[in-house]
>>> print(open('work.json').read())   # JSON, N, CA and C atoms
[["chain", "number", "residue", "atom", "x", "y", "z"],
["A", 295, "MET", "N", 18.71, -14.43, -9.69],
["A", 295, "MET", "CA", 17.72, -14.79, -10.71],
["A", 295, "MET", "C", 16.34, -14.87, -10.06],
["A", 296, "GLY", "N", 15.35, -14.35, -10.74],
["A", 296, "GLY", "CA", 14.00, -14.31, -10.20],
["A", 296, "GLY", "C", 13.21, -15.55, -10.53],
["A", 297, "VAL", "N", 12.13, -15.67, -9.82],
["A", 297, "VAL", "CA", 11.20, -16.77, -10.02],
["A", 297, "VAL", "C", 10.14, -16.31, -11.02],
["A", 298, "ILE", "N", 9.63, -17.23, -11.82],
["A", 298, "ILE", "CA", 8.62, -16.90, -12.83],
["A", 298, "ILE", "C", 7.25, -17.27, -12.29],
["A", 299, "TYR", "N", 6.32, -16.33, -12.39],
["A", 299, "TYR", "CA", 4.94, -16.54, -11.97],
["A", 299, "TYR", "C", 4.02, -16.24, -13.13],
["A", 300, "LYS", "N", 2.91, -16.96, -13.19],
["A", 300, "LYS", "CA", 1.90, -16.70, -14.20],
["A", 300, "LYS", "C", 0.61, -16.34, -13.50],
["A", 301, "VAL", "N", 0.01, -15.24, -13.94],
["A", 301, "VAL", "CA", -1.27, -14.79, -13.39],
["A", 301, "VAL", "C", -2.22, -14.52, -14.55],
["A", 302, "GLU", "N", -3.51, -14.65, -14.27],
["A", 302, "GLU", "CA", -4.51, -14.37, -15.29],
["A", 302, "GLU", "C", -5.36, -13.19, -14.84],
["A", 303, "ILE", "N", -5.45, -12.20, -15.71],
["A", 303, "ILE", "CA", -6.25, -11.01, -15.45],
["A", 303, "ILE", "C", -7.02, -10.68, -16.71],
["A", 304, "LEU", "N", -8.32, -10.50, -16.57],
["A", 304, "LEU", "CA", -9.21, -10.22, -17.71],
["A", 304, "LEU", "C", -9.09, -11.28, -18.79],
["A", 305, "GLY", "N", -8.93, -12.52, -18.37],
["A", 305, "GLY", "CA", -8.85, -13.63, -19.33],
["A", 305, "GLY", "C", -7.54, -13.71, -20.07],
["A", 306, "GLN", "N", -6.58, -12.90, -19.69],
["A", 306, "GLN", "CA", -5.29, -12.89, -20.36],
["A", 306, "GLN", "C", -4.20, -13.31, -19.37],
["A", 307, "GLU", "N", -3.31, -14.18, -19.82],
["A", 307, "GLU", "CA", -2.24, -14.65, -18.95],
["A", 307, "GLU", "C", -1.03, -13.73, -19.03],
["A", 308, "PHE", "N", -0.49, -13.41, -17.86],
["A", 308, "PHE", "CA", 0.71, -12.58, -17.76],
["A", 308, "PHE", "C", 1.79, -13.38, -17.06],
["A", 309, "THR", "N", 3.00, -13.27, -17.56],
["A", 309, "THR", "CA", 4.15, -13.92, -16.94],
["A", 309, "THR", "C", 4.97, -12.85, -16.24],
["A", 310, "LEU", "N", 5.18, -13.05, -14.95],
["A", 310, "LEU", "CA", 5.94, -12.10, -14.15],
["A", 310, "LEU", "C", 7.20, -12.80, -13.64],
["A", 311, "LYS", "N", 8.29, -12.06, -13.63],
["A", 311, "LYS", "CA", 9.54, -12.62, -13.19],
["A", 311, "LYS", "C", 10.18, -11.67, -12.20],
["A", 312, "GLY", "N", 10.63, -12.21, -11.09],
["A", 312, "GLY", "CA", 11.29, -11.36, -10.11],
["A", 312, "GLY", "C", 11.30, -12.01, -8.75],
["A", 313, "GLU", "N", 11.76, -11.24, -7.79],
["A", 313, "GLU", "CA", 11.83, -11.68, -6.40],
["A", 313, "GLU", "C", 10.49, -11.34, -5.74],
["A", 314, "LEU", "N", 9.47, -12.06, -6.09],
["A", 314, "LEU", "CA", 8.13, -11.78, -5.61],
["A", 314, "LEU", "C", 7.72, -12.79, -4.55],
["A", 315, "GLU", "N", 6.95, -12.31, -3.59],
["A", 315, "GLU", "CA", 6.39, -13.21, -2.59],
["A", 315, "GLU", "C", 5.08, -13.76, -3.14],
["A", 316, "PRO", "N", 4.95, -15.07, -3.27],
["A", 316, "PRO", "CA", 3.75, -15.64, -3.89],
["A", 316, "PRO", "C", 2.44, -15.21, -3.21],
["A", 317, "GLN", "N", 2.43, -15.15, -1.87],
["A", 317, "GLN", "CA", 1.20, -14.77, -1.17],
["A", 317, "GLN", "C", 0.84, -13.31, -1.46],
["A", 318, "LEU", "N", 1.85, -12.46, -1.52],
["A", 318, "LEU", "CA", 1.59, -11.05, -1.81],
["A", 318, "LEU", "C", 1.13, -10.87, -3.25],
["A", 319, "LEU", "N", 1.75, -11.58, -4.16],
["A", 319, "LEU", "CA", 1.35, -11.51, -5.56],
["A", 319, "LEU", "C", -0.10, -11.97, -5.73],
["A", 320, "GLU", "N", -0.48, -13.00, -4.99],
["A", 320, "GLU", "CA", -1.87, -13.48, -5.05],
["A", 320, "GLU", "C", -2.83, -12.42, -4.53],
["A", 321, "LYS", "N", -2.45, -11.74, -3.45],
["A", 321, "LYS", "CA", -3.30, -10.67, -2.91],
["A", 321, "LYS", "C", -3.44, -9.52, -3.91],
["A", 322, "VAL", "N", -2.34, -9.16, -4.55],
["A", 322, "VAL", "CA", -2.36, -8.08, -5.53],
["A", 322, "VAL", "C", -3.25, -8.45, -6.71],
["A", 323, "THR", "N", -3.08, -9.68, -7.19],
["A", 323, "THR", "CA", -3.89, -10.16, -8.32],
["A", 323, "THR", "C", -5.37, -10.19, -7.94],
["A", 324, "ASN", "N", -5.67, -10.64, -6.73],
["A", 324, "ASN", "CA", -7.06, -10.69, -6.28],
["A", 324, "ASN", "C", -7.65, -9.28, -6.15],
["A", 325, "LEU", "N", -6.86, -8.33, -5.65],
["A", 325, "LEU", "CA", -7.33, -6.95, -5.54],
["A", 325, "LEU", "C", -7.65, -6.38, -6.92],
["A", 326, "LEU", "N", -6.74, -6.58, -7.85],
["A", 326, "LEU", "CA", -6.96, -6.06, -9.21],
["A", 326, "LEU", "C", -8.19, -6.70, -9.84],
["A", 327, "THR", "N", -8.33, -8.01, -9.69],
["A", 327, "THR", "CA", -9.49, -8.71, -10.24],
["A", 327, "THR", "C", -10.78, -8.20, -9.62],
["A", 328, "GLU", "N", -10.76, -7.96, -8.31],
["A", 328, "GLU", "CA", -11.93, -7.44, -7.61],
["A", 328, "GLU", "C", -12.31, -6.05, -8.12],
["A", 329, "LYS", "N", -11.32, -5.18, -8.29],
["A", 329, "LYS", "CA", -11.59, -3.83, -8.80],
["A", 329, "LYS", "C", -12.13, -3.89, -10.23],
["A", 330, "ILE", "N", -11.57, -4.76, -11.03],
["A", 330, "ILE", "CA", -12.04, -4.92, -12.41],
["A", 330, "ILE", "C", -13.50, -5.36, -12.43],
["A", 331, "LYS", "N", -13.86, -6.33, -11.59],
["A", 331, "LYS", "CA", -15.24, -6.81, -11.54],
["A", 331, "LYS", "C", -16.20, -5.70, -11.10],
["A", 332, "GLU", "N", -15.78, -4.89, -10.13],
["A", 332, "GLU", "CA", -16.61, -3.77, -9.68],
["A", 332, "GLU", "C", -16.88, -2.81, -10.83],
["A", 333, "ILE", "N", -15.83, -2.48, -11.56],
["A", 333, "ILE", "CA", -15.97, -1.52, -12.66],
["A", 333, "ILE", "C", -16.80, -2.12, -13.79],
["A", 334, "GLU", "N", -16.58, -3.38, -14.09],
["A", 334, "GLU", "CA", -17.37, -4.04, -15.14],
["A", 334, "GLU", "C", -18.86, -4.04, -14.80],
["A", 335, "GLN", "N", -19.19, -4.18, -13.52],
["A", 335, "GLN", "CA", -20.59, -4.14, -13.11],
["A", 335, "GLN", "C", -21.17, -2.74, -13.25],
["A", 336, "GLN", "N", -20.35, -1.74, -12.96],
["A", 336, "GLN", "CA", -20.81, -0.35, -13.05],
["A", 336, "GLN", "C", -20.86, 0.15, -14.49],
["A", 337, "LEU", "N", -19.95, -0.36, -15.34],
["A", 337, "LEU", "CA", -19.87, 0.06, -16.74],
["A", 337, "LEU", "C", -19.85, -1.16, -17.64],
["A", 338, "PRO", "N", -20.99, -1.81, -17.82],
["A", 338, "PRO", "CA", -21.02, -3.08, -18.56],
["A", 338, "PRO", "C", -20.52, -3.00, -20.00],
["A", 339, "GLY", "N", -20.59, -1.88, -20.64],
["A", 339, "GLY", "CA", -20.15, -1.79, -22.03],
["A", 339, "GLY", "C", -18.72, -1.32, -22.21],
["A", 340, "ALA", "N", -18.01, -1.12, -21.11],
["A", 340, "ALA", "CA", -16.65, -0.58, -21.19],
["A", 340, "ALA", "C", -15.69, -1.61, -21.79],
["A", 341, "THR", "N", -14.70, -1.10, -22.50],
["A", 341, "THR", "CA", -13.69, -1.98, -23.08],
["A", 341, "THR", "C", -12.73, -2.44, -21.99],
["A", 342, "LYS", "N", -11.97, -3.49, -22.30],
["A", 342, "LYS", "CA", -11.00, -4.00, -21.34],
["A", 342, "LYS", "C", -9.95, -2.94, -20.99],
["A", 343, "VAL", "N", -9.59, -2.14, -21.98],
["A", 343, "VAL", "CA", -8.61, -1.09, -21.73],
["A", 343, "VAL", "C", -9.16, -0.06, -20.74],
["A", 344, "HIS", "N", -10.39, 0.39, -20.97],
["A", 344, "HIS", "CA", -11.00, 1.35, -20.06],
["A", 344, "HIS", "C", -11.14, 0.78, -18.66],
["A", 345, "VAL", "N", -11.59, -0.45, -18.58],
["A", 345, "VAL", "CA", -11.75, -1.11, -17.27],
["A", 345, "VAL", "C", -10.40, -1.20, -16.56],
["A", 346, "SER", "N", -9.37, -1.59, -17.30],
["A", 346, "SER", "CA", -8.04, -1.72, -16.71],
["A", 346, "SER", "C", -7.51, -0.39, -16.20],
["A", 347, "VAL", "N", -7.68, 0.66, -17.01],
["A", 347, "VAL", "CA", -7.19, 1.98, -16.61],
["A", 347, "VAL", "C", -7.96, 2.48, -15.39],
["A", 348, "LEU", "N", -9.27, 2.32, -15.38],
["A", 348, "LEU", "CA", -10.07, 2.75, -14.24],
["A", 348, "LEU", "C", -9.71, 1.97, -12.98],
["A", 349, "ALA", "N", -9.46, 0.68, -13.12],
["A", 349, "ALA", "CA", -9.05, -0.14, -11.97],
["A", 349, "ALA", "C", -7.70, 0.35, -11.44],
["A", 350, "ALA", "N", -6.78, 0.63, -12.34],
["A", 350, "ALA", "CA", -5.46, 1.13, -11.93],
["A", 350, "ALA", "C", -5.59, 2.48, -11.23],
["A", 351, "LEU", "N", -6.44, 3.36, -11.76],
["A", 351, "LEU", "CA", -6.66, 4.66, -11.12],
["A", 351, "LEU", "C", -7.28, 4.52, -9.74],
["A", 352, "ASN", "N", -8.24, 3.62, -9.60],
["A", 352, "ASN", "CA", -8.86, 3.39, -8.29],
["A", 352, "ASN", "C", -7.85, 2.87, -7.28],
["A", 353, "ILE", "N", -7.03, 1.94, -7.70],
["A", 353, "ILE", "CA", -6.02, 1.37, -6.80],
["A", 353, "ILE", "C", -4.97, 2.42, -6.44],
["A", 354, "ALA", "N", -4.54, 3.20, -7.42],
["A", 354, "ALA", "CA", -3.56, 4.25, -7.15],
["A", 354, "ALA", "C", -4.13, 5.30, -6.19],
["A", 355, "TYR", "N", -5.39, 5.65, -6.38],
["A", 355, "TYR", "CA", -6.04, 6.62, -5.50],
["A", 355, "TYR", "C", -6.06, 6.09, -4.07],
["A", 356, "ASP", "N", -6.49, 4.83, -3.90],
["A", 356, "ASP", "CA", -6.51, 4.22, -2.57],
["A", 356, "ASP", "C", -5.11, 4.18, -1.96],
["A", 357, "TYR", "N", -4.12, 3.87, -2.79],
["A", 357, "TYR", "CA", -2.73, 3.82, -2.33],
["A", 357, "TYR", "C", -2.29, 5.17, -1.77],
["A", 358, "PHE", "N", -2.56, 6.24, -2.52],
["A", 358, "PHE", "CA", -2.12, 7.56, -2.08],
["A", 358, "PHE", "C", -2.88, 8.03, -0.84],
["A", 359, "LEU", "N", -4.17, 7.67, -0.72],
["A", 359, "LEU", "CA", -4.91, 8.00, 0.50],
["A", 359, "LEU", "C", -4.26, 7.32, 1.70],
["A", 360, "LEU", "N", -3.95, 6.03, 1.56],
["A", 360, "LEU", "CA", -3.32, 5.29, 2.65],
["A", 360, "LEU", "C", -1.92, 5.80, 2.95],
["A", 361, "LYS", "N", -1.19, 6.18, 1.92],
["A", 361, "LYS", "CA", 0.16, 6.72, 2.11],
["A", 361, "LYS", "C", 0.10, 8.02, 2.90],
["A", 362, "GLU", "N", -0.82, 8.90, 2.55],
["A", 362, "GLU", "CA", -0.98, 10.16, 3.29],
["A", 362, "GLU", "C", -1.37, 9.89, 4.74],
["A", 363, "GLU", "N", -2.28, 8.94, 4.94],
["A", 363, "GLU", "CA", -2.70, 8.60, 6.29],
["A", 363, "GLU", "C", -1.52, 8.06, 7.10],
["A", 364, "LEU", "N", -0.71, 7.23, 6.48],
["A", 364, "LEU", "CA", 0.47, 6.68, 7.16],
["A", 364, "LEU", "C", 1.45, 7.79, 7.52],
["A", 365, "GLU", "N", 1.69, 8.71, 6.59],
["A", 365, "GLU", "CA", 2.61, 9.82, 6.85],
["A", 365, "GLU", "C", 2.11, 10.69, 8.00],
["A", 366, "GLN", "N", 0.80, 10.93, 8.04],
["A", 366, "GLN", "CA", 0.24, 11.72, 9.14],
["A", 366, "GLN", "C", 0.39, 10.98, 10.47],
["A", 367, "THR", "N", 0.18, 9.68, 10.46],
["A", 367, "THR", "CA", 0.33, 8.87, 11.67],
["A", 367, "THR", "C", 1.77, 8.88, 12.15],
["A", 368, "VAL", "N", 2.71, 8.72, 11.23],
["A", 368, "VAL", "CA", 4.14, 8.76, 11.59],
["A", 368, "VAL", "C", 4.50, 10.12, 12.17],
["A", 369, "ASN", "N", 4.03, 11.19, 11.54],
["A", 369, "ASN", "CA", 4.32, 12.54, 12.05],
["A", 369, "ASN", "C", 3.74, 12.74, 13.44],
["A", 370, "THR", "N", 2.53, 12.25, 13.67],
["A", 370, "THR", "CA", 1.90, 12.36, 14.99],
["A", 370, "THR", "C", 2.70, 11.57, 16.02],
["A", 371, "LEU", "N", 3.11, 10.36, 15.67],
["A", 371, "LEU", "CA", 3.88, 9.54, 16.60],
["A", 371, "LEU", "C", 5.23, 10.15, 16.91],
["A", 372, "GLU", "N", 5.87, 10.73, 15.90],
["A", 372, "GLU", "CA", 7.16, 11.40, 16.13],
["A", 372, "GLU", "C", 6.99, 12.59, 17.07],
["A", 373, "ALA", "N", 5.96, 13.38, 16.85],
["A", 373, "ALA", "CA", 5.72, 14.55, 17.71],
["A", 373, "ALA", "C", 5.44, 14.11, 19.14],
["A", 374, "ARG", "N", 4.63, 13.07, 19.30],
["A", 374, "ARG", "CA", 4.32, 12.58, 20.65],
["A", 374, "ARG", "C", 5.55, 11.99, 21.32],
["A", 375, "SER", "N", 6.37, 11.28, 20.56],
["A", 375, "SER", "CA", 7.56, 10.69, 21.17],
["A", 375, "SER", "C", 8.52, 11.79, 21.62],
["A", 376, "HIS", "N", 8.62, 12.89, 20.85],
["A", 376, "HIS", "CA", 9.46, 14.01, 21.26],
["A", 376, "HIS", "C", 8.91, 14.65, 22.53],
["A", 377, "GLN", "N", 7.58, 14.74, 22.62],
["A", 377, "GLN", "CA", 6.97, 15.31, 23.82],
["A", 377, "GLN", "C", 7.26, 14.44, 25.05],
["A", 378, "TRP", "N", 7.12, 13.13, 24.87],
["A", 378, "TRP", "CA", 7.37, 12.22, 25.98],
["A", 378, "TRP", "C", 8.84, 12.23, 26.37],
["A", 379, "LEU", "N", 9.71, 12.32, 25.40],
["A", 379, "LEU", "CA", 11.14, 12.39, 25.69],
["A", 379, "LEU", "C", 11.46, 13.65, 26.48],
["A", 380, "ALA", "N", 10.85, 14.76, 26.10],
["A", 380, "ALA", "CA", 11.06, 16.01, 26.82],
["A", 380, "ALA", "C", 10.56, 15.89, 28.26],
["A", 381, "LYS", "N", 9.43, 15.23, 28.45],
["A", 381, "LYS", "CA", 8.89, 15.04, 29.81],
["A", 381, "LYS", "C", 9.81, 14.14, 30.63],
["A", 382, "LEU", "N", 10.33, 13.09, 29.99],
["A", 382, "LEU", "CA", 11.25, 12.20, 30.69],
["A", 382, "LEU", "C", 12.54, 12.93, 31.08],
["A", 383, "GLU", "N", 13.05, 13.72, 30.14],
["A", 383, "GLU", "CA", 14.28, 14.47, 30.43],
["A", 383, "GLU", "C", 14.05, 15.47, 31.55],
["A", 384, "ALA", "N", 12.89, 16.06, 31.60],
["A", 384, "ALA", "CA", 12.56, 17.01, 32.66],
["A", 384, "ALA", "C", 12.47, 16.30, 34.01],
["A", 385, "GLY", "N", 12.11, 15.03, 33.97],
["A", 385, "GLY", "CA", 12.00, 14.24, 35.20],
["A", 385, "GLY", "C", 13.35, 13.78, 35.72],
["A", 386, "PHE", "N", 14.40, 13.90, 34.94],
["A", 386, "PHE", "CA", 15.74, 13.49, 35.34],
["A", 386, "PHE", "C", 16.70, 14.68, 35.17],
["A", 387, "PRO", "N", 16.60, 15.66, 36.02],
["A", 387, "PRO", "CA", 17.44, 16.84, 35.86],
["A", 387, "PRO", "C", 18.93, 16.48, 35.90],
["A", 388, "GLY", "N", 19.68, 17.14, 35.04],
["A", 388, "GLY", "CA", 21.13, 16.95, 35.01],
["A", 388, "GLY", "C", 21.58, 15.79, 34.17],
["A", 389, "GLN", "N", 20.67, 15.04, 33.58],
["A", 389, "GLN", "CA", 21.05, 13.90, 32.73],
["A", 389, "GLN", "C", 20.59, 14.17, 31.31],
["A", 390, "SER", "N", 21.40, 13.78, 30.34],
["A", 390, "SER", "CA", 20.99, 13.90, 28.94],
["A", 390, "SER", "C", 20.17, 12.67, 28.58],
["A", 391, "SER", "N", 19.50, 12.73, 27.44],
["A", 391, "SER", "CA", 18.66, 11.61, 27.01],
["A", 391, "SER", "C", 19.47, 10.35, 26.76],
["A", 392, "THR", "N", 20.75, 10.50, 26.45],
["A", 392, "THR", "CA", 21.58, 9.31, 26.20],
["A", 392, "THR", "C", 21.99, 8.63, 27.49],
["A", 393, "GLU", "N", 21.89, 9.34, 28.62],
["A", 393, "GLU", "CA", 22.26, 8.76, 29.90],
["A", 393, "GLU", "C", 21.10, 8.07, 30.57],
["A", 394, "VAL", "N", 19.88, 8.32, 30.12],
["A", 394, "VAL", "CA", 18.68, 7.78, 30.77],
["A", 394, "VAL", "C", 18.53, 6.34, 30.45]]
>>> encode(input="work.json", output="structure tokens")
Amino acid sequence: MGVIYKVEILGQEFTLKGELEPQLLEKVTNLLTEKIKEIEQQLPGATKVHVSVLAALNIAYDYFLLKEELEQTVNTLEARSHQWLAKLEAGFPGQSSTEV
């Protein structure tokens, strides 16, 4: 059974239920509120729906940029670890990597 949390966004209260970490939920809520405030300042006449959708798009865009960056970093680290493993194996002739 999940825990129930209440958050307020754009003056509206939302009830969330699940296995959520309170500190992480607070960070997420703060990020969303911050993005909403930025958009409201840039587009003062925008409706709450438009502001919400633009905030969601901005956050999703940032998420995918970071995801791509993480994937590139993981790929680079995997390639480097394979290179180092090959160098180590070359330094121990006659032994497999599982024997090192």
>>> select_by_dssp(input="work.json", residues="chain A", states="strand (DSSP E)", output="list of chain:residue names")
A:Val297, A:Ile298, A:Tyr299, A:Lys300, A:Val301, A:Glu302, A:Ile303, A:Gln306, A:Glu307, A:Phe308, A:Thr309, A:Leu310, A:Lys311, A:Gly312
>>> write_last_selection(input="work.json", atoms="N, CA and C atoms", output="short mmCIF file (atom, residue, chain, number, x, y, z; two decimals), in the coordinates of the input")
data_model
loop_
_atom_site.label_atom_id
_atom_site.label_comp_id
_atom_site.auth_asym_id
_atom_site.auth_seq_id
_atom_site.Cartn_x
_atom_site.Cartn_y
_atom_site.Cartn_z
N VAL A 297 12.13 -15.67 -9.82
CA VAL A 297 11.20 -16.77 -10.02
C VAL A 297 10.14 -16.31 -11.02
N ILE A 298 9.63 -17.23 -11.82
CA ILE A 298 8.62 -16.90 -12.83
C ILE A 298 7.25 -17.27 -12.29
N TYR A 299 6.32 -16.33 -12.39
CA TYR A 299 4.94 -16.54 -11.97
C TYR A 299 4.02 -16.24 -13.13
N LYS A 300 2.91 -16.96 -13.19
CA LYS A 300 1.90 -16.70 -14.20
C LYS A 300 0.61 -16.34 -13.50
N VAL A 301 0.01 -15.24 -13.94
CA VAL A 301 -1.27 -14.79 -13.39
C VAL A 301 -2.22 -14.52 -14.55
N GLU A 302 -3.51 -14.65 -14.27
CA GLU A 302 -4.51 -14.37 -15.29
C GLU A 302 -5.36 -13.19 -14.84
N ILE A 303 -5.45 -12.20 -15.71
CA ILE A 303 -6.25 -11.01 -15.45
C ILE A 303 -7.02 -10.68 -16.71
N GLN A 306 -6.58 -12.90 -19.69
CA GLN A 306 -5.29 -12.89 -20.36
C GLN A 306 -4.20 -13.31 -19.37
N GLU A 307 -3.31 -14.18 -19.82
CA GLU A 307 -2.24 -14.65 -18.95
C GLU A 307 -1.03 -13.73 -19.03
N PHE A 308 -0.49 -13.41 -17.86
CA PHE A 308 0.71 -12.58 -17.76
C PHE A 308 1.79 -13.38 -17.06
N THR A 309 3.00 -13.27 -17.56
CA THR A 309 4.15 -13.92 -16.94
C THR A 309 4.97 -12.85 -16.24
N LEU A 310 5.18 -13.05 -14.95
CA LEU A 310 5.94 -12.10 -14.15
C LEU A 310 7.20 -12.80 -13.64
N LYS A 311 8.29 -12.06 -13.63
CA LYS A 311 9.54 -12.62 -13.19
C LYS A 311 10.18 -11.67 -12.20
N GLY A 312 10.63 -12.21 -11.09
CA GLY A 312 11.29 -11.36 -10.11
C GLY A 312 11.30 -12.01 -8.75
#
>>> select_by_dssp(input="work.json", residues="chain A", states="alpha helix (DSSP H)", output="ChimeraX atom specification")
/A:316-336,342-385
>>> atom_distance(input="work.json", atom1="atom CA of A:Ile333", atom2="atom C of A:Val345")
6.8 Å
